[in-house]
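So the structure is just underneath, and the comments pick up after that.
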Amino acid sequence: MKKTYIFLIGILCTLMCLFPPIAATGQGIISNEMIDTTDNQILILADDSTLDLGKTTQVTIILDTAPDGLSGYNLTVRLTNPAVAEIVDVQFPVWAMLPTNSTIPGDSVWCKAADLTGASGTDNITLVTVTVRGDIAGATNITVIPDRVEDRQGGRYTPGIQEASITVGSAPIPPIANFTATPTSGKVPLTVNFTDHSTNSPTSRLWNFGDNSTSEEPHPTHTYTSAGTYTVSLTVTNAGGTDTLTKQDYITVESLIPQDTQITILPSISSLTTGQTLEYLVILDTAPDGLSGYNLTVRLTNPAVAEIVDVQFPVWAMLQTNSTIPGDSVWCKAADLTGASGTDNITLVTVTVRGDIVGATNITVIPDRVEDRQGGRYTPGIQEASITVGSAPIPPIANF
């Protein structure tokens with residue numbers, strides 16, 4: 001009976017250490033607990049830093065040091081990203097008495113135990129082991145909220161927390177776009193081989209070659225049929241995300257014709273009265289390899305002053321087409337199937353302009369496509385012409 005009494009007294013003393021009474025004084029209510037200032041830490045050790053979906057791993061909560069021994073603790077183990085995993089089991093060490101925990105499974109679990117014999121020791125004390133199950137792909141930290149960690153002298157430890165991380169599933173890594181091309185310059189038509197060097201296993205690709213052409217092939221071949229400088233971009237995608245690499249002015253395509261050519265509009269300077277019309281010739285000064293056809297726009301820079309009212313093609317022009325007139329601009333297209341246009345001073349089209357109101361305007365040309373007979377393309381300069389529209393003379397009124 002005496003031994004039983006002593007044992008019960010020991011339990012009562014320990015419980016009083018875990019939950020000390022509150023003492024009243026004349027100056028208010030104070031706690032009689034002593035705060036232990038010794039630095040210590042709670043460590044969280046996970047068996048695996050990565051976890052497959054549906055699988056479990058054990059996570060051990062350890063107090064690295066307890067210089068004055070450990071009488072008990074009250075703490076919460078919590079997942080910082082509760083959607084990714086769940087705590088499904090709790091195990092206390094063999095020395096733990098009066099073990100208690102909140103309901104599981106859950107995203108956090110509250111745990112409480114006492115050491116009534118001092119068997120926990122003073123170093124690397126396992127407080128509790130929880131089992132974590134992976135639910136969805138992602139990552140989460142495991143942390144501890146130490147509500148109460150008490151020593152055997154009636155004081156309380158205030159440990160720091162070293163969190164642990166768990167990655168569930170193989171979280172997809174976004175791709176990084178990269179590519180090369182060979183060759184990157186040459187004469188028209190230029191065939192370029194593109195090679196995808198993107199990393200992290202993209203599952204889809206979208207190439208933009210800069211000439212209104214695209215491809216979804218991994219390593220496409222593309223032919224540029226027009227002279228110019230082209231910006232190329234590659235967009236790659238996988239389950240982790242999307243990345244785009246753009247190479248500015250990456251491909252340079254040169255015309256087969258190195259000589260300078262020019263489109264001239266005649267007459268270069270003219271005057272009209274309102275209501276009067278005049279014909280203007282659009283002339284290509286030279287075509288060393290002959291002319292196979294063209295596609296161009298004749299435009300008035302000040303559309304309020306005048307209007308294009310007629311279009312005439314030369315006799316050699318075949319498959320001739322133009323946009324609706326009258327208008328402020330006219331699109332013209334024709335082909336030379338026989339080589340009859342020659343190689344010098346080739347009249348491409350003749351337009352008739354009518355003066356509408358007093359003012360001034362230029363006539364210019366936008367050469368969308370001027371091709372030679374070798375499959376190349378001319379890139380002519382433009383010599384604009386100017387028109388001045390004046391008032392029509394006013395008829396006299398006789399009087400005497």
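Going through the structure tokens in order, the chains are called A, B, and so on, while each chain numbers its residues from 1 and the ligands are numbered from 1 in the order shown.
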
Residue neighbourhood range 116-123 of chain A, 7 Å, only C-alpha atoms, exclusion window fewer than 2 positions, as a list of chain:residue names
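Once the adjacent positions are removed, what remains is A:Ile11, A:Thr14, A:Asp64, A:Thr65, A:Ala66, A:Pro67, A:Gly69, A:Leu70, A:Ser71, A:Trp95, A:Met97, A:Ala114, A:Ile125.
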
For range 355-359 of chain A, list every protein, DNA or RNA residue within 7 Å, evaluated using only C-alpha atoms, and leave out those in the same chain fewer than 4 positions away; present the list as an NGL selection string.
:A and (272-277 or 305-307 or 388-391)

What is the distance, in Å and to one decimal place, between CA of Glu163 in chain A and CA of Val59 in chain A?
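CA of Val59 in chain A lies 11.1 Å from CA of Glu163 in chain A.
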
Would you mind telling me which residue in A:Gln91, A:Ser215, A:Asn238, A:Thr191 lies nearest to Pro174 in chain A when using only C-alpha atoms?
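Closest residue, counting only C-alpha atoms: A:Asn238.
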
In Å, rounded to a single decimal, give me how far CA of Val84 in chain A is from CA of Asn200 in chain A.
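These atoms are spaced 23.3 Å apart.
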
Which residue of A:Lys55, A:Val90, A:Ser185, A:Ala385 approaches Ala360 in chain A most closely, using only C-alpha atoms
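The answer is A:Ala385, which sits nearest to Ala360 in chain A.
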
Hey, what does DSSP flag as strand (DSSP E) within range 107-344 of chain A? Can you give it to me as a PyMOL selection string?
chain A and resi 108-114+123-134+138-151+155-157+160-162+164-168+179-182+185-187+190-196+204-208+214-215+221-224+228-238+241-254+262-266+269-273+277-286+291-300+306-312+318-322+329-335+344

Go ahead and dump the residues you just picked, C-alpha atoms, as a compact mmCIF listing (two decimals), in the first residue's frame.
# COMPACT_ATOMS: atom_id res chain seq x y z
CA SER A 108 -2.61 18.23 -38.47
CA VAL A 109 -2.48 16.17 -35.29
CA TRP A 110 -2.23 17.30 -31.67
CA CYS A 111 -0.02 15.05 -29.51
CA LYS A 112 0.57 14.93 -25.75
CA ALA A 113 2.66 12.62 -23.55
CA ALA A 114 4.55 12.57 -20.22
CA ASP A 123 19.67 14.18 -26.13
CA ASN A 124 17.93 13.35 -29.43
CA ILE A 125 14.63 12.54 -27.80
CA THR A 126 11.99 11.09 -30.12
CA LEU A 127 8.75 12.83 -29.14
CA VAL A 128 6.38 11.25 -31.65
CA THR A 129 6.40 9.56 -35.06
CA VAL A 130 3.64 10.34 -37.56
CA THR A 131 2.83 8.55 -40.80
CA VAL A 132 2.12 10.75 -43.83
CA ARG A 133 0.30 9.59 -46.97
CA GLY A 134 0.69 11.34 -50.35
CA GLY A 138 2.79 18.67 -55.20
CA ALA A 139 4.95 19.71 -52.27
CA THR A 140 4.37 20.46 -48.60
CA ASN A 141 6.39 21.24 -45.52
CA ILE A 142 5.94 19.50 -42.18
CA THR A 143 6.17 21.78 -39.20
CA VAL A 144 5.61 21.60 -35.43
CA ILE A 145 3.83 24.01 -33.11
CA PRO A 146 5.30 23.34 -29.62
CA ASP A 147 2.45 24.41 -27.36
CA ARG A 148 4.29 23.13 -24.26
CA VAL A 149 7.65 21.32 -23.86
CA GLU A 150 8.57 21.09 -20.16
CA ASP A 151 11.70 20.06 -18.30
CA GLY A 155 10.51 25.02 -16.39
CA ARG A 156 9.65 25.11 -20.07
CA TYR A 157 11.80 24.73 -23.17
CA GLY A 160 13.19 26.39 -32.52
CA ILE A 161 11.67 24.38 -35.36
CA GLN A 162 13.51 22.86 -38.32
CA ALA A 164 11.03 19.20 -43.35
CA SER A 165 9.67 19.02 -46.88
CA ILE A 166 7.97 16.24 -48.80
CA THR A 167 7.34 16.17 -52.54
CA VAL A 168 4.45 13.98 -53.62
CA PHE A 179 16.55 26.04 -80.93
CA THR A 180 19.03 26.52 -83.77
CA ALA A 181 18.70 26.90 -87.53
CA THR A 182 20.90 26.09 -90.52
CA SER A 185 21.17 33.52 -94.27
CA GLY A 186 21.19 33.05 -98.03
CA LYS A 187 19.48 33.98 -101.25
CA LEU A 190 16.16 29.86 -98.83
CA THR A 191 15.46 26.46 -97.23
CA VAL A 192 16.23 26.41 -93.50
CA ASN A 193 16.42 23.38 -91.19
CA PHE A 194 15.25 24.14 -87.63
CA THR A 195 16.29 21.96 -84.68
CA ASP A 196 14.58 21.98 -81.29
CA SER A 204 4.09 20.06 -77.92
CA ARG A 205 5.73 22.78 -79.99
CA LEU A 206 4.66 25.75 -82.05
CA TRP A 207 7.14 27.36 -84.45
CA ASN A 208 6.53 30.80 -85.93
CA THR A 214 3.96 28.02 -88.55
CA SER A 215 4.73 24.38 -87.74
CA THR A 221 12.24 22.45 -92.56
CA HIS A 222 10.92 25.74 -93.93
CA THR A 223 11.53 27.56 -97.22
CA TYR A 224 11.51 31.36 -97.35
CA GLY A 228 13.76 39.99 -96.01
CA THR A 229 14.77 39.58 -92.37
CA TYR A 230 12.66 37.24 -90.28
CA THR A 231 12.13 36.86 -86.53
CA VAL A 232 11.62 33.23 -85.43
CA SER A 233 10.02 32.01 -82.20
CA LEU A 234 9.47 28.58 -80.64
CA THR A 235 6.87 27.91 -77.94
CA VAL A 236 7.18 24.61 -76.06
CA THR A 237 4.72 23.11 -73.58
CA ASN A 238 4.51 20.21 -71.14
CA GLY A 241 4.00 24.88 -68.16
CA THR A 242 4.99 26.79 -71.30
CA ASP A 243 8.09 28.67 -72.43
CA THR A 244 8.82 30.76 -75.54
CA LEU A 245 12.15 31.71 -77.10
CA THR A 246 12.18 34.47 -79.73
CA LYS A 247 15.22 35.20 -81.88
CA GLN A 248 14.91 38.67 -83.36
CA ASP A 249 15.95 39.11 -87.03
CA TYR A 250 17.31 35.54 -86.99
CA ILE A 251 16.94 34.63 -90.67
CA THR A 252 18.18 36.90 -93.48
CA VAL A 253 16.98 36.15 -97.01
CA GLU A 254 18.60 38.07 -99.85
CA GLN A 262 13.75 51.30 -108.96
CA ILE A 263 10.11 52.00 -109.65
CA THR A 264 9.50 55.49 -111.04
CA ILE A 265 6.17 57.26 -111.48
CA LEU A 266 5.85 59.59 -114.49
CA ILE A 269 5.58 66.54 -111.03
CA SER A 270 2.17 67.58 -112.34
CA SER A 271 -0.67 70.02 -111.80
CA LEU A 272 -4.39 69.42 -112.22
CA THR A 273 -7.51 71.47 -111.82
CA THR A 277 -7.70 63.75 -115.13
CA LEU A 278 -4.12 62.72 -116.00
CA GLU A 279 -2.42 59.39 -116.71
CA TYR A 280 0.56 58.25 -114.63
CA LEU A 281 2.96 55.48 -115.72
CA VAL A 282 4.46 53.09 -113.15
CA ILE A 283 7.84 52.02 -114.59
CA LEU A 284 10.44 49.45 -113.43
CA ASP A 285 13.79 50.81 -114.59
CA THR A 286 15.66 47.51 -114.95
CA LEU A 291 10.28 39.96 -115.27
CA SER A 292 7.90 37.09 -114.54
CA GLY A 293 5.22 39.11 -112.80
CA TYR A 294 4.32 41.56 -110.10
CA ASN A 295 1.88 42.37 -107.36
CA LEU A 296 1.82 46.00 -106.23
CA THR A 297 -0.36 48.80 -104.87
CA VAL A 298 -0.54 52.34 -106.30
CA ARG A 299 -1.63 54.76 -103.59
CA LEU A 300 -2.39 58.48 -103.10
CA ALA A 306 -7.64 63.19 -105.75
CA GLU A 307 -8.85 59.73 -106.80
CA ILE A 308 -7.65 56.90 -109.06
CA VAL A 309 -10.40 56.39 -111.66
CA ASP A 310 -8.87 53.98 -114.21
CA VAL A 311 -6.18 51.26 -114.60
CA GLN A 312 -4.56 50.09 -117.85
CA MET A 318 -1.41 38.35 -118.77
CA LEU A 319 -3.62 37.18 -115.89
CA GLN A 320 -4.11 40.86 -115.09
CA THR A 321 -6.15 41.76 -112.00
CA ASN A 322 -6.87 44.95 -110.09
CA SER A 329 -5.45 53.19 -103.88
CA VAL A 330 -5.54 50.33 -106.36
CA TRP A 331 -3.98 46.88 -106.11
CA CYS A 332 -2.62 45.56 -109.42
CA LYS A 333 -1.32 42.14 -110.42
CA ALA A 334 -0.08 40.74 -113.74
CA ALA A 335 2.28 38.10 -115.17
CA ASP A 344 14.66 47.88 -119.14

Got a sec: who's within 6 Å of Ser198 in chain A, counting only C-alpha atoms, leaving out chain neighbours fewer than 4 positions off, as number ranges by chain?
A: 176-178

Deliver the residues from the most recent selection as a file, using N, CA, C and O atoms, as a short mmCIF file (atom, residue, chain, number, x, y, z; two decimals), in the first residue's frame.
data_model
loop_
_atom_site.label_atom_id
_atom_site.label_comp_id
_atom_site.auth_asym_id
_atom_site.auth_seq_id
_atom_site.Cartn_x
_atom_site.Cartn_y
_atom_site.Cartn_z
N ILE A 176 12.17 24.47 -71.08
CA ILE A 176 12.93 25.67 -71.42
C ILE A 176 13.19 25.63 -72.91
O ILE A 176 13.87 24.72 -73.42
N ALA A 177 12.63 26.59 -73.64
CA ALA A 177 12.71 26.60 -75.10
C ALA A 177 14.12 26.96 -75.57
O ALA A 177 14.76 27.86 -75.01
N ASN A 178 14.58 26.26 -76.61
CA ASN A 178 15.86 26.56 -77.24
C ASN A 178 15.87 25.93 -78.62
O ASN A 178 15.30 24.86 -78.81
#

What gap, in Å, lies between CA of Asp107 in chain A and CA of Ile136 in chain A?
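Here the two named atoms are 13.4 Å from each other.
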